[in-house]
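Have a look at the structure below before the remarks.
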Amino acid sequence: MTDKFNWKAKREKKAFLALADGAVFHGYAFGSATDTVGEAVFNTGMAGYKQILTDPSYAGQFVVFTTAEVGAYAANLEKSESRDVFLNGIVVNSLDDVSKEIGEESLHDYMLAHKKPGIAGVDTRALTIHLRDHGAQKAYLHVDGTDMSEADAIAKAKAWEGLDGQDYASKVSDPKGYEFSTEGDLNVVALDFGIKTNILRNLAAQNMKVTVLPINATYEQIMAKNPDGVFLSNGPADPNSLPQVAAVVKQLLGKVPLMGICLGNQLLGLALGAKVSKLKFGHHGCNHPVKNLKTGAVEITSQNHNYAIEESSLPANVEVSHINLNDNTVEGIRHKELPAFSVQYHPESAPGPNDSYYLFGEFRQMILDFKSGKKGAGKECANTNVAGKECAGEVKNG
C-alpha cells in the first residue's frame with residue numbers, strides 16, 4: 001500500500017483470488033506484492049490473528065478470516081506460535097489500521113516483512129459459503145499489480161499439485177532441534193512436525209523438561225534421550241505423506257507413553273493401523289464443540305486440520321475418546337492397553353478457550369503410571385473444566 005487509506009486500490013479491486021473451480025473474488029492487495037498458489041480454507045475465529053498467522057499447520061494455505069475486522073490491534077505481539085510465517089497468504093474483508101495509541105506494526109507491514117501476500121476488501125462471507133458448499137479449493141492469488149486474466153489465474157490454480165500427498169511438515173520442522181525447558185522431574189521428547197510454542201509451554205508447565213527433535217528423528221535418536229514420554233506435535237498438510245514418521249511412532253508404541261495433537265493424532269492413528277482421509281473443508285477456528293465420551297463434558301475447542309481418522313478403520317484395541325459435535329468426526333483416540341492417546345484439536349488453545357488444558361495433566365499422569373509399572377493409559381481428570389487444579393498445570397494463553 002502506498003498510502004494509509006489506499007482509496008484507488010479499494011475502488012478498482014484489481015487484485016483477486018481465483019479458485020480452481022472457476023470462482024473469482026476481487027479485492028485490493030496488501031503485504032508482499034507476490035502472486036502465489038495455495039489452498040483456500042476459512043477460519044471462524046474472532047480474534048488471535050497473530051497466532052493464526054504463525055501456526056505452521058497453515059503451511060501451503062490461504063487463510064480466509066470470517067471475522068469482518070482484522071488488523072486493529074497490531075501484529076507485533078509478544079508471543080508467536082513459531083519462528084516464522086508459513087502460510088501462503090491471507091484473505092480479509094476489512095483491513096484495519098493500527099491505532100495511533102498502540103503505535104505498533106500494522107498487519108500490512110508484518111506481512112510485508114515476512115514476504116507474504118494478502119488481499120482485503122473481499123466478500124469473505126460469500127467466499128466462506130462457497131468453500132463450505134464446494135470444499136477447500138486450490139487457488140491462485142493475484143496481487144502483483146500486473147495484468148492477468150481471470151482465466152489464466154484459474155488455470156494456474158488447477159495446475160498446482162495441491163496439498164494432498166505432499167509433505168509440508170518437513171518444510172516447517174526445525175531441522176536442528178533444541179532444548180525448550182531444562183527444568184522438571186520428567187523428561188519429554190517433543191517431535192516437531194510444525195509444533196506450536198504454546199504446546200511446549202503447557203508441557204513445561206507440567207514440570208517437564210522438554211527436548212524438541214526434528215521430524216526426521218529416528219527411533220534410536222529419540223530413545224537415546226531417555227524420554228519418560230514422547231509428544232507428537234501438530235503440523236500441516238497430508239499425514240498419508242509421512243509413512244516414515246508413522247513407522248517411527250509404531251516403534252515407540254508400548255516403549256514409552258505417547259501423546260499427540262492434530263497431525264500427531266493422525267500419525268498415531270496410522271501407526272495403529274487406522275486410515276486417515278480428507279474432510280470437505282476441514283476444521284479451522286476456536287469454537288468447535290467436542291464431546292468427551294468418558295465424562296460426557298463438552299469442550300469448546302481450537303482446531304486447524306483438513307484430515308481426520310476414519311472411525312470404522314480403528315482396530316478393536318483402540319477407542320474413540322472424543323467426537324466433534326458438528327459432524328461426528330473422530331476428535332480423539334486412546335489405546336485400551338498401551339500408554340498412548342491423542343486428540344485432533346488443540347488443547348493449548350492460542351487463540352481459543354482453555355477447556356482442554358486437562359489433557360496435558362493426563363499425559364503427565366500416564367507417564368507416572370507407566371514409570372510405576374502400570375501399563376495402561378493413565379488416570380483421567382474427573383472434571384474437564386478444572387484447569388490448573390487436579391490435573392493440568394495452570395498456564396496462560398498465547
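The way I read the labels, and the way they are meant: chains A, B, ... in the order of the C-alpha cells, residue 1 as the first residue of every chain, and ligand 1 as the first ligand shown, with later ones counted on from there.
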Contacts of Ala271 of chain A at 8 Å or less, counting only C-alpha atoms, minus same-chain residues fewer than 6 places along, as a VMD selection string?
chain A and resid 246 to 247 249 to 250
Could you please take those selected residues and save C-alpha atoms as a PDB file, in the first residue's frame?
```
ATOM      1  CA  ALA A 246       4.195 -43.270  11.253  1.00  0.00           C
ATOM      2  CA  ALA A 247       6.686 -46.145  11.234  1.00  0.00           C
ATOM      3  CA  VAL A 249       5.593 -43.864  16.031  1.00  0.00           C
ATOM      4  CA  LYS A 250       4.762 -47.557  15.654  1.00  0.00           C
TER       5      LYS A 250
END
```
Interface rows for segment 28-130 of chain A against segment 199-209 of chain A: nearest pair, Å to one decimal, 12 Å, only C-alpha atoms, as CSV:
```
residue,atom,partner,partner_atom,distance
A:Asp55,CA,A:Ile199,CA,11.4
A:Lys79,CA,A:Arg201,CA,11.4
A:Ser80,CA,A:Ile199,CA,11.8
A:Glu81,CA,A:Ile199,CA,8.9
A:Ser82,CA,A:Ile199,CA,10.7
```
For the residues in the current selection, export C-alpha atoms as an mmCIF file, in the first residue's frame.
```
data_model
loop_
_atom_site.group_PDB
_atom_site.id
_atom_site.type_symbol
_atom_site.label_atom_id
_atom_site.label_comp_id
_atom_site.auth_asym_id
_atom_site.auth_seq_id
_atom_site.Cartn_x
_atom_site.Cartn_y
_atom_site.Cartn_z
ATOM 1 C CA ASP A 55 0.705 -21.513 13.188
ATOM 2 C CA LYS A 79 4.400 -14.194 21.588
ATOM 3 C CA SER A 80 4.214 -16.109 18.304
ATOM 4 C CA GLU A 81 3.381 -19.756 17.744
ATOM 5 C CA SER A 82 6.531 -20.483 15.720
#
```
Residue set, segment 151-196 of chain A restricted to strand (DSSP E), as a list of chain:residue names
A:Tyr178, A:Glu179, A:Phe180, A:Ser181, A:Leu186, A:Asn187, A:Val188, A:Val189, A:Ala190, A:Leu191, A:Asp192
Could you please determine the separation between atom CA of Lys138 of chain A and atom CA of Glu39 of chain A in Å, to one decimal place?
4.5 Å
Judged by only C-alpha atoms, the minimum distance to Lys115 of chain A among A:Ile195, A:Phe30, A:Glu150, A:Glu311 is found for A:Phe30
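Counting only C-alpha atoms, the residue from A:Gln137, A:Ala47, A:Thr124, A:Asp109 that sits nearest to Pro353 of chain A is A:Ala47.
Restricting the calculation to only C-alpha atoms, the smallest distance between Tyr49 of chain A and any of A:Ala297, A:Leu213, A:Ala23, A:Cys286 is found for A:Cys286.
A straight line drawn from atom CA of Ser277 of chain A to atom CA of Glu331 of chain A is 13.5 Å long.
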Near Phe62 of chain A, counting only C-alpha atoms, which residues have an atom at most 10 Å away, once you skip same-chain residues fewer than 6 positions from it, shown as an MDAnalysis selection string?
chainID A and resid 17 36:42 87:91 117:118 137:141
Determine which residues of segment 261-334 of chain A receive a DSSP assignment of helix (DSSP H, G or I), computed from the backbone, and state them as a PyMOL selection string.
chain A and resi 263-271+311-313
